[in-house]
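Student: The following file, start10.pdb, comprises PDB, C-alpha atoms, pLDDT in the B column:
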ATOM      1  CA  MET A   1    -206.135  85.041-110.474  1.00 41.00           C
ATOM      2  CA  THR A   2    -206.545  83.503-113.937  1.00 41.00           C
ATOM      3  CA  GLU A   3    -208.100  80.088-114.463  1.00 46.00           C
ATOM      4  CA  LEU A   4    -204.633  78.645-115.057  1.00 49.00           C
ATOM      5  CA  THR A   5    -203.306  79.903-111.731  1.00 64.00           C
ATOM      6  CA  LYS A   6    -206.310  78.921-109.605  1.00 87.00           C
ATOM      7  CA  ALA A   7    -205.951  75.639-107.731  1.00 94.00           C
ATOM      8  CA  THR A   8    -209.389  74.458-108.892  1.00 96.00           C
ATOM      9  CA  ALA A   9    -212.395  75.652-110.872  1.00 96.00           C
ATOM     10  CA  LEU A  10    -214.366  75.918-107.621  1.00 97.00           C
ATOM     11  CA  ASN A  11    -214.740  79.056-105.568  1.00 96.00           C
ATOM     12  CA  LEU A  12    -213.394  77.652-102.293  1.00 96.00           C
ATOM     13  CA  PRO A  13    -210.792  80.101-100.993  1.00 96.00           C
ATOM     14  CA  MET A  14    -208.130  79.001 -98.556  1.00 96.00           C
ATOM     15  CA  VAL A  15    -208.684  79.755 -94.891  1.00 97.00           C
ATOM     16  CA  ASP A  16    -207.165  83.168 -94.226  1.00 96.00           C
ATOM     17  CA  PRO A  17    -205.130  83.395 -92.184  1.00 97.00           C
ATOM     18  CA  LEU A  18    -203.932  79.847 -92.231  1.00 97.00           C
ATOM     19  CA  PRO A  19    -203.468  78.233 -88.813  1.00 98.00           C
ATOM     20  CA  PRO A  20    -199.802  78.438 -87.705  1.00 98.00           C
ATOM     21  CA  GLU A  21    -199.236  74.674 -88.172  1.00 98.00           C
ATOM     22  CA  THR A  22    -200.622  74.816 -91.709  1.00 98.00           C
ATOM     23  CA  GLN A  23    -198.575  77.890 -92.578  1.00 98.00           C
ATOM     24  CA  LYS A  24    -195.474  76.137 -91.254  1.00 98.00           C
ATOM     25  CA  TYR A  25    -196.238  73.102 -93.463  1.00 97.00           C
ATOM     26  CA  PHE A  26    -196.739  75.348 -96.497  1.00 98.00           C
ATOM     27  CA  ASP A  27    -193.452  77.125 -95.706  1.00 98.00           C
ATOM     28  CA  ILE A  28    -191.682  73.737 -95.664  1.00 97.00           C
ATOM     29  CA  CYS A  29    -193.236  72.964 -99.066  1.00 95.00           C
ATOM     30  CA  ILE A  30    -191.870  76.224-100.453  1.00 95.00           C
ATOM     31  CA  GLU A  31    -188.444  75.487 -98.957  1.00 96.00           C
ATOM     32  CA  LYS A  32    -188.286  71.902-100.270  1.00 93.00           C
ATOM     33  CA  LEU A  33    -190.322  72.116-103.475  1.00 91.00           C
ATOM     34  CA  GLY A  34    -190.154  75.787-104.393  1.00 92.00           C
ATOM     35  CA  MET A  35    -193.965  75.975-104.258  1.00 93.00           C
ATOM     36  CA  VAL A  36    -197.059  74.893-102.411  1.00 96.00           C
ATOM     37  CA  PRO A  37    -198.670  72.165-104.542  1.00 96.00           C
ATOM     38  CA  ASN A  38    -202.094  73.250-105.747  1.00 96.00           C
ATOM     39  CA  VAL A  39    -203.669  70.098-104.330  1.00 97.00           C
ATOM     40  CA  LEU A  40    -202.800  71.407-100.858  1.00 97.00           C
ATOM     41  CA  LYS A  41    -204.160  74.852-101.691  1.00 97.00           C
ATOM     42  CA  ALA A  42    -207.341  73.197-102.980  1.00 97.00           C
ATOM     43  CA  TYR A  43    -207.930  71.395 -99.677  1.00 98.00           C
ATOM     44  CA  ALA A  44    -207.011  74.452 -97.580  1.00 97.00           C
ATOM     45  CA  PHE A  45    -210.583  75.780 -97.588  1.00 98.00           C
ATOM     46  CA  ASP A  46    -211.165  73.242 -94.779  1.00 98.00           C
ATOM     47  CA  ILE A  47    -208.151  72.595 -92.540  1.00 98.00           C
ATOM     48  CA  GLU A  48    -209.532  69.293 -91.208  1.00 98.00           C
ATOM     49  CA  LYS A  49    -209.929  67.972 -94.762  1.00 98.00           C
ATOM     50  CA  LEU A  50    -206.438  69.247 -95.624  1.00 98.00           C
ATOM     51  CA  ASN A  51    -204.937  67.536 -92.582  1.00 98.00           C
ATOM     52  CA  ALA A  52    -206.715  64.258 -93.409  1.00 98.00           C
ATOM     53  CA  PHE A  53    -205.447  64.430 -97.012  1.00 98.00           C
ATOM     54  CA  ILE A  54    -201.874  65.192 -95.902  1.00 98.00           C
ATOM     55  CA  ALA A  55    -201.909  62.382 -93.329  1.00 98.00           C
ATOM     56  CA  MET A  56    -203.152  59.808 -95.839  1.00 98.00           C
ATOM     57  CA  TYR A  57    -200.774  60.982 -98.585  1.00 98.00           C
ATOM     58  CA  ASN A  58    -197.753  61.000 -96.281  1.00 97.00           C
ATOM     59  CA  ASP A  59    -198.595  57.566 -94.907  1.00 98.00           C
ATOM     60  CA  LEU A  60    -199.015  56.005 -98.347  1.00 98.00           C
ATOM     61  CA  MET A  61    -196.264  57.793-100.240  1.00 98.00           C
ATOM     62  CA  LEU A  62    -193.563  58.573 -97.675  1.00 97.00           C
ATOM     63  CA  ALA A  63    -193.827  56.102 -94.773  1.00 97.00           C
ATOM     64  CA  ASP A  64    -191.787  52.919 -94.499  1.00 97.00           C
ATOM     65  CA  SER A  65    -192.848  50.344 -97.054  1.00 98.00           C
ATOM     66  CA  GLY A  66    -191.486  47.438 -99.038  1.00 98.00           C
ATOM     67  CA  LEU A  67    -192.167  49.672-102.033  1.00 98.00           C
ATOM     68  CA  SER A  68    -189.635  52.351-102.850  1.00 98.00           C
ATOM     69  CA  LYS A  69    -190.758  55.950-103.190  1.00 98.00           C
ATOM     70  CA  LEU A  70    -190.117  55.614-106.925  1.00 98.00           C
ATOM     71  CA  GLU A  71    -192.322  52.524-107.161  1.00 98.00           C
ATOM     72  CA  ARG A  72    -195.151  54.328-105.371  1.00 98.00           C
ATOM     73  CA  GLU A  73    -194.793  57.287-107.749  1.00 98.00           C
ATOM     74  CA  MET A  74    -194.785  54.863-110.689  1.00 98.00           C
ATOM     75  CA  ILE A  75    -198.120  53.477-109.479  1.00 98.00           C
ATOM     76  CA  ALA A  76    -199.469  57.030-109.151  1.00 98.00           C
ATOM     77  CA  VAL A  77    -198.498  57.807-112.744  1.00 98.00           C
ATOM     78  CA  VAL A  78    -199.862  54.585-114.244  1.00 98.00           C
ATOM     79  CA  VAL A  79    -203.190  54.934-112.423  1.00 98.00           C
ATOM     80  CA  SER A  80    -203.366  58.615-113.391  1.00 98.00           C
ATOM     81  CA  SER A  81    -202.568  57.761-117.008  1.00 98.00           C
ATOM     82  CA  ILE A  82    -205.464  55.321-117.205  1.00 98.00           C
ATOM     83  CA  ASN A  83    -207.752  57.902-115.574  1.00 98.00           C
ATOM     84  CA  LYS A  84    -206.347  60.742-117.729  1.00 97.00           C
ATOM     85  CA  CYS A  85    -205.848  62.947-114.680  1.00 97.00           C
ATOM     86  CA  PHE A  86    -203.967  66.007-115.896  1.00 94.00           C
ATOM     87  CA  TYR A  87    -203.033  67.234-112.414  1.00 94.00           C
ATOM     88  CA  CYS A  88    -201.575  63.964-111.176  1.00 94.00           C
ATOM     89  CA  LEU A  89    -199.811  63.129-114.441  1.00 94.00           C
ATOM     90  CA  VAL A  90    -197.987  66.450-114.370  1.00 93.00           C
ATOM     91  CA  ALA A  91    -197.149  66.396-110.648  1.00 93.00           C
ATOM     92  CA  HIS A  92    -196.268  62.708-110.277  1.00 94.00           C
ATOM     93  CA  GLY A  93    -194.634  62.518-113.684  1.00 94.00           C
ATOM     94  CA  ALA A  94    -192.188  65.125-112.355  1.00 92.00           C
ATOM     95  CA  ALA A  95    -191.644  62.992-109.237  1.00 94.00           C
ATOM     96  CA  VAL A  96    -190.862  59.906-111.354  1.00 96.00           C
ATOM     97  CA  ARG A  97    -188.393  61.938-113.402  1.00 92.00           C
ATOM     98  CA  GLN A  98    -186.747  63.201-110.217  1.00 93.00           C
ATOM     99  CA  LEU A  99    -186.572  59.903-108.338  1.00 96.00           C
ATOM    100  CA  SER A 100    -185.493  57.829-111.329  1.00 96.00           C
ATOM    101  CA  GLY A 101    -183.167  60.406-112.877  1.00 95.00           C
ATOM    102  CA  ASP A 102    -184.726  59.279-116.161  1.00 93.00           C
ATOM    103  CA  PRO A 103    -187.008  61.763-117.954  1.00 90.00           C
ATOM    104  CA  GLN A 104    -187.784  59.142-120.582  1.00 93.00           C
ATOM    105  CA  LEU A 105    -189.175  56.750-117.960  1.00 95.00           C
ATOM    106  CA  GLY A 106    -191.541  59.428-116.722  1.00 90.00           C
ATOM    107  CA  GLU A 107    -192.826  60.045-120.241  1.00 92.00           C
ATOM    108  CA  MET A 108    -193.200  56.329-120.980  1.00 95.00           C
ATOM    109  CA  LEU A 109    -195.221  55.751-117.827  1.00 96.00           C
ATOM    110  CA  ILE A 110    -197.477  58.671-118.710  1.00 94.00           C
ATOM    111  CA  MET A 111    -198.076  57.493-122.267  1.00 95.00           C
ATOM    112  CA  ASN A 112    -198.040  53.696-121.920  1.00 97.00           C
ATOM    113  CA  TYR A 113    -196.136  51.970-119.139  1.00 97.00           C
ATOM    114  CA  ARG A 114    -195.898  48.804-121.232  1.00 97.00           C
ATOM    115  CA  VAL A 115    -193.252  50.398-123.502  1.00 97.00           C
ATOM    116  CA  ALA A 116    -190.918  51.090-120.559  1.00 97.00           C
ATOM    117  CA  VAL A 117    -188.028  48.772-119.786  1.00 95.00           C
ATOM    118  CA  LEU A 118    -189.023  47.479-116.359  1.00 97.00           C
ATOM    119  CA  ASP A 119    -187.900  44.537-114.285  1.00 96.00           C
ATOM    120  CA  ASP A 120    -190.387  41.711-113.697  1.00 97.00           C
ATOM    121  CA  ARG A 121    -191.220  43.021-110.222  1.00 97.00           C
ATOM    122  CA  GLN A 122    -192.126  46.506-111.457  1.00 98.00           C
ATOM    123  CA  ARG A 123    -194.083  45.096-114.416  1.00 98.00           C
ATOM    124  CA  ALA A 124    -196.154  42.878-112.121  1.00 98.00           C
ATOM    125  CA  MET A 125    -196.780  45.791-109.735  1.00 98.00           C
ATOM    126  CA  LEU A 126    -197.939  48.106-112.515  1.00 98.00           C
ATOM    127  CA  ASP A 127    -200.027  45.410-114.205  1.00 98.00           C
ATOM    128  CA  PHE A 128    -201.818  44.879-110.877  1.00 98.00           C
ATOM    129  CA  ALA A 129    -202.368  48.639-110.366  1.00 98.00           C
ATOM    130  CA  ALA A 130    -203.676  48.942-113.935  1.00 98.00           C
ATOM    131  CA  LYS A 131    -206.076  46.016-113.510  1.00 98.00           C
ATOM    132  CA  MET A 132    -207.243  47.421-110.201  1.00 98.00           C
ATOM    133  CA  THR A 133    -207.937  50.759-111.914  1.00 98.00           C
ATOM    134  CA  MET A 134    -209.736  49.344-114.942  1.00 98.00           C
ATOM    135  CA  SER A 135    -211.514  46.312-113.494  1.00 98.00           C
ATOM    136  CA  SER A 136    -210.957  45.832-109.779  1.00 97.00           C
ATOM    137  CA  ALA A 137    -213.809  43.328-109.464  1.00 98.00           C
ATOM    138  CA  GLU A 138    -211.864  40.963-111.732  1.00 98.00           C
ATOM    139  CA  ILE A 139    -208.840  40.698-109.433  1.00 98.00           C
ATOM    140  CA  GLU A 140    -208.406  37.104-108.335  1.00 98.00           C
ATOM    141  CA  GLU A 141    -206.008  35.149-106.162  1.00 98.00           C
ATOM    142  CA  GLY A 142    -203.856  34.498-109.225  1.00 98.00           C
ATOM    143  CA  ASP A 143    -203.212  38.233-109.532  1.00 98.00           C
ATOM    144  CA  ARG A 144    -202.056  38.433-105.929  1.00 98.00           C
ATOM    145  CA  GLN A 145    -200.010  35.257-106.365  1.00 98.00           C
ATOM    146  CA  ASN A 146    -198.293  36.788-109.386  1.00 98.00           C
ATOM    147  CA  LEU A 147    -197.180  39.649-107.139  1.00 98.00           C
ATOM    148  CA  ARG A 148    -195.917  37.184-104.520  1.00 98.00           C
ATOM    149  CA  ASP A 149    -194.053  35.257-107.229  1.00 98.00           C
ATOM    150  CA  SER A 150    -192.464  38.562-108.278  1.00 98.00           C
ATOM    151  CA  GLY A 151    -191.089  39.117-104.779  1.00 98.00           C
ATOM    152  CA  PHE A 152    -193.823  41.115-103.054  1.00 98.00           C
ATOM    153  CA  THR A 153    -194.995  40.296 -99.543  1.00 98.00           C
ATOM    154  CA  ASP A 154    -198.641  40.423 -98.562  1.00 98.00           C
ATOM    155  CA  ARG A 155    -197.887  43.743 -96.841  1.00 98.00           C
ATOM    156  CA  ASP A 156    -196.445  45.030-100.127  1.00 98.00           C
ATOM    157  CA  ILE A 157    -199.619  43.945-101.918  1.00 98.00           C
ATOM    158  CA  TRP A 158    -201.614  45.909 -99.336  1.00 98.00           C
ATOM    159  CA  ASP A 159    -199.450  48.968-100.080  1.00 98.00           C
ATOM    160  CA  ILE A 160    -199.807  48.569-103.867  1.00 98.00           C
ATOM    161  CA  ALA A 161    -203.588  48.327-103.505  1.00 98.00           C
ATOM    162  CA  ASN A 162    -203.762  51.334-101.204  1.00 98.00           C
ATOM    163  CA  VAL A 163    -201.561  53.564-103.356  1.00 98.00           C
ATOM    164  CA  ALA A 164    -203.551  52.609-106.463  1.00 98.00           C
ATOM    165  CA  GLY A 165    -206.829  53.129-104.602  1.00 98.00           C
ATOM    166  CA  PHE A 166    -205.744  56.525-103.285  1.00 98.00           C
ATOM    167  CA  PHE A 167    -204.840  57.774-106.748  1.00 98.00           C
ATOM    168  CA  ASN A 168    -208.057  56.440-108.238  1.00 98.00           C
ATOM    169  CA  MET A 169    -209.850  58.632-105.693  1.00 98.00           C
ATOM    170  CA  THR A 170    -207.655  61.707-106.048  1.00 98.00           C
ATOM    171  CA  ASN A 171    -207.711  61.485-109.860  1.00 98.00           C
ATOM    172  CA  ARG A 172    -211.469  61.701-109.787  1.00 98.00           C
ATOM    173  CA  VAL A 173    -211.504  64.605-107.332  1.00 98.00           C
ATOM    174  CA  ALA A 174    -208.855  66.481-109.346  1.00 97.00           C
ATOM    175  CA  SER A 175    -210.708  65.983-112.623  1.00 97.00           C
ATOM    176  CA  ALA A 176    -214.122  66.827-111.153  1.00 98.00           C
ATOM    177  CA  THR A 177    -212.872  70.055-109.567  1.00 98.00           C
ATOM    178  CA  GLY A 178    -210.716  71.195-112.502  1.00 96.00           C
ATOM    179  CA  MET A 179    -207.576  71.027-110.370  1.00 96.00           C
ATOM    180  CA  THR A 180    -204.680  72.721-112.140  1.00 94.00           C
ATOM    181  CA  PRO A 181    -201.084  71.560-111.681  1.00 93.00           C
ATOM    182  CA  ASN A 182    -198.526  74.132-110.599  1.00 82.00           C
ATOM    183  CA  PRO A 183    -196.727  75.428-113.720  1.00 77.00           C
ATOM    184  CA  GLU A 184    -193.349  74.658-112.105  1.00 75.00           C
ATOM    185  CA  TYR A 185    -193.927  70.911-112.468  1.00 63.00           C
ATOM    186  CA  HIS A 186    -193.798  71.017-116.264  1.00 59.00           C
ATOM    187  CA  ALA A 187    -190.104  71.846-116.508  1.00 58.00           C
ATOM    188  CA  GLN A 188    -188.833  69.910-113.509  1.00 58.00           C
ATOM    189  CA  HIS A 189    -186.252  67.147-113.833  1.00 60.00           C
ATOM    190  CA  ARG A 190    -186.117  66.999-117.620  1.00 59.00           C
TER     191      ARG A 190
END
Here is the file; what I need is its structure written in the form of structure tokens.

Tutor:
Amino acid sequence: MTELTKATALNLPMVDPLPPETQKYFDICIEKLGMVPNVLKAYAFDIEKLNAFIAMYNDLMLADSGLSKLEREMIAVVVSSINKCFYCLVAHGAAVRQLSGDPQLGEMLIMNYRVAVLDDRQRAMLDFAAKMTMSSAEIEEGDRQNLRDSGFTDRDIWDIANVAGFFNMTNRVASATGMTPNPEYHAQHR
């Protein structure tokens, strides 16, 4: 396995054989995505850690929310852009391209979300996620009120904060471990 095909720079091989439930999940990934994302392979050295990661990711990114799946992916990309996380920019940039049907939007969010044509709601959401990423201690009631004034409920604000917080954590783990995005992401949805 070359460095570019390894999930991370660490020598933490996946459990072999994978438990049947994990193998089934990976098979679903291959069926739906055409691959097993390297982030899942990276966590698969410890099935409990993998399951915790999957549960948190699925709850934040796929469960019912006042935020659309696209909006959650937009937050992931903006946070990852600020943190310069190669893995997440490639993987979630592809998701933004897919969900929006707009390759240009994905590129704008990666480079500088402020150049993208966004509605006031999306702009407020991304401004909040960016501030949370760069200077979370400076968030004040006025920042939350701006989200409310843009149409977000307090539950939505909770979801914005949690998605941004999750990607601030995963960006750091991905960068620290040299996590490599699957090559398939680069050409998707362009």

Student: Write out as a list in words which residues come within 8 Å of Ser65 in chain A when counting only C-alpha atoms, dropping same-chain ones fewer than 3 positions away.

Tutor: Ser68, Asp156 and Asp159 of chain A

Student: Can you list, as an NGL selection string, every protein, DNA or RNA residue that comes within 9 Å of range 128-144 of chain A when you count all atoms listed in the file, leaving out same-chain residues fewer than 2 positions away?

Tutor: :A and (75-76 or 78-79 or 82-83 or 123-126 or 146-149 or 154 or 157 or 160-161 or 163-165 or 168)

Student: The PyMOL selection byres ((chain A and resi 89-99) around 6) on the file shown: which residues, as a PyMOL selection string?

Tutor: chain A and resi 70+73+77+80+86-88+100-103+106+185+188-189

Student: Give me, please, the distance in Å between CA of Ala42 in chain A and CA of Lys24 in chain A, quoted to one decimal.

Tutor: 16.9 Å

Student: One decimal, Å: what's the distance from CA of Gln104 in chain A over to CA of Met74 in chain A, could you say?

Tutor: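 The value is 12.9 Å.
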
Student: Please determine, counting all atoms listed in the file, which residue among A:Val39, A:Glu184, A:Asn112, A:Met179 has the shortest atom-to-atom distance to Leu10 in chain A.

Tutor: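 Ranking A:Val39, A:Glu184, A:Asn112, A:Met179 by distance to Leu10 in chain A, first place goes to A:Met179.
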
Student: Using only C-alpha atoms, which of A:Asn182, A:Asp127, A:Ser81, A:Thr170 sits nearest Pro37 in chain A?

Tutor: A:Asn182

Student: Work out how far apart CA of Asp16 in chain A and CA of Val36 in chain A are and give it in Å to one decimal.

Tutor: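 Computing it gives 15.4 Å between the two atoms.
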
Student: Using the chain letters and numbers from the file, give me the residues hit by the PyMOL selection byres ((chain A and resi 40) around 12), as number ranges by chain.

Tutor: A: 7-8, 13-15, 22-23, 25-26, 29-30, 35-39, 41-55, 57, 174, 179-182

Student: If I wrap all listed atoms of range 21-26 of chain A in a box with edges along x, y and z and add 4 Å on each side, what are its centre and edge lengths in Å to one decimal, as lines of an AutoDock Vina configuration file?

Tutor:
center_x = -198.0
center_y = 75.5
center_z = -92.3
size_x = 13.1
size_y = 12.8
size_z = 16.3

Student: Of the candidates A:Cys85, A:Ala116, A:Ala63, A:Ile28, which one gets nearest to Val173 in chain A if we count all atoms listed in the file?

Tutor: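 Smallest separation from Val173 in chain A among the options: A:Cys85.
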
Student: Counting all atoms listed in the file, figure out which residue out of A:Arg172, A:Ser150, A:Gly178, A:Phe166 gets nearest to Met56 in chain A.

Tutor: A:Phe166
